[in-house]
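Chemist: Please find one structure pasted underneath; my questions will follow.
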Amino acid sequence: MGKFLDSLFWFINAVLLRIVLFNIVLGGGGAALILLGLWIDIGQHSISPDVQETINRIATVVAFVGIIATAASIYIKGNLADPVWYSRWIAGGVIAGCVACIVYILWISPNHHISDNILSGFTLIGLAGALFRLQPNPFKPVKTGGGPPLHQSASTAI
């Protein structure tokens, strides 16, 4: 049993490391896109339309992957507050919609593009979901380290 647990802990640590590395790459890619945009807009430089199209396609797919990761976090144990009953349904729909968009961009769309409005819509839903996950539900007990659960009133949840 000891070797199994060691293997399991190694696997969990490897997955967590990949998540951390993905977050670093995701944030670094966002910073690089901001710098590129500033270089183009402020310096009035230009890049090849083919390069710009490739950057847009990669950024869109990675944005959808980030939204999927954010929505999938609802299924991970150990969150600050348990999700409300409908959150799992919404998160599942967001994940399915993002996967459908990625499939459309990569294999169906003739120009490998999707409307910016669709990406913005999913981004806003993902951000709203992340904000829900970051704050405790004022109507449910808050998980604590070792003691009994604390109840948070609606007035202190703000």
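Each chain in the structure tokens gets a letter, A, B and so on, in the order shown; residues start at 1 in every chain, and ligands are counted from 1 in the order they appear.
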Report as a PDB file with C-alpha atoms, in the first residue's frame all protein, DNA and RNA residues lying within 12 Å of range 117-130 of chain A, evaluated on only C-alpha atoms, omitting residues in the same chain fewer than 4 positions from it.
Modeler:
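The new file result-v7.pdb reads:
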```
ATOM      1  CA  ASN A  56      -5.427  35.505 -32.820  1.00  0.00           C
ATOM      2  CA  ARG A  57      -6.212  31.812 -33.339  1.00  0.00           C
ATOM      3  CA  ALA A  59      -4.958  33.356 -28.185  1.00  0.00           C
ATOM      4  CA  THR A  60      -8.598  32.444 -28.745  1.00  0.00           C
ATOM      5  CA  VAL A  61      -8.032  28.719 -28.198  1.00  0.00           C
ATOM      6  CA  VAL A  62      -5.915  29.362 -25.084  1.00  0.00           C
ATOM      7  CA  ALA A  63      -8.586  31.740 -23.740  1.00  0.00           C
ATOM      8  CA  PHE A  64     -11.184  28.992 -24.117  1.00  0.00           C
ATOM      9  CA  VAL A  65      -8.842  26.510 -22.373  1.00  0.00           C
ATOM     10  CA  GLY A  66      -8.444  28.991 -19.500  1.00  0.00           C
ATOM     11  CA  ILE A  67     -12.217  29.394 -19.253  1.00  0.00           C
ATOM     12  CA  ILE A  68     -12.606  25.593 -19.223  1.00  0.00           C
ATOM     13  CA  ALA A  69     -10.049  25.332 -16.410  1.00  0.00           C
ATOM     14  CA  THR A  70     -11.868  28.028 -14.433  1.00  0.00           C
ATOM     15  CA  ALA A  71     -15.258  26.388 -14.940  1.00  0.00           C
ATOM     16  CA  ALA A  72     -13.867  22.929 -14.115  1.00  0.00           C
ATOM     17  CA  SER A  73     -12.556  24.197 -10.766  1.00  0.00           C
ATOM     18  CA  ILE A  74     -16.089  23.837  -9.394  1.00  0.00           C
ATOM     19  CA  ASN A  79     -12.993  25.138  -2.456  1.00  0.00           C
ATOM     20  CA  LEU A  80     -13.777  27.928   0.003  1.00  0.00           C
ATOM     21  CA  PRO A  83     -21.148  25.277  -4.945  1.00  0.00           C
ATOM     22  CA  VAL A  84     -24.856  25.946  -5.081  1.00  0.00           C
ATOM     23  CA  TYR A  86     -27.154  24.938 -10.184  1.00  0.00           C
ATOM     24  CA  SER A  87     -23.443  25.862 -10.453  1.00  0.00           C
ATOM     25  CA  ARG A  88     -22.435  22.399 -11.648  1.00  0.00           C
ATOM     26  CA  ILE A  90     -23.791  26.039 -15.556  1.00  0.00           C
ATOM     27  CA  ALA A  91     -20.120  25.026 -15.368  1.00  0.00           C
ATOM     28  CA  GLY A  92     -20.831  21.916 -17.425  1.00  0.00           C
ATOM     29  CA  GLY A  93     -22.572  24.019 -20.072  1.00  0.00           C
ATOM     30  CA  VAL A  94     -19.698  26.507 -20.175  1.00  0.00           C
ATOM     31  CA  ILE A  95     -17.170  23.685 -20.584  1.00  0.00           C
ATOM     32  CA  ALA A  96     -19.228  22.062 -23.355  1.00  0.00           C
ATOM     33  CA  GLY A  97     -19.662  25.404 -25.123  1.00  0.00           C
ATOM     34  CA  CYS A  98     -15.933  26.172 -24.959  1.00  0.00           C
ATOM     35  CA  VAL A  99     -15.011  22.719 -26.276  1.00  0.00           C
ATOM     36  CA  ALA A 100     -17.491  23.205 -29.136  1.00  0.00           C
ATOM     37  CA  CYS A 101     -15.900  26.587 -29.942  1.00  0.00           C
ATOM     38  CA  ILE A 102     -12.398  25.085 -29.958  1.00  0.00           C
ATOM     39  CA  ILE A 105     -12.069  27.068 -34.648  1.00  0.00           C
ATOM     40  CA  HIS A 113     -11.951  32.260 -36.628  1.00  0.00           C
ATOM     41  CA  LEU A 134     -13.633  33.267  -4.648  1.00  0.00           C
ATOM     42  CA  GLN A 135     -16.216  34.495  -2.173  1.00  0.00           C
ATOM     43  CA  PRO A 136     -18.101  32.440   0.389  1.00  0.00           C
TER      44      PRO A 136
END
```
Chemist: Quick check for you: according to DSSP on this backbone, which residues of range 80-136 of chain A are classed as alpha helix (DSSP H)? Reply as a PyMOL selection string.
Modeler: chain A and resi 87-103+116-134
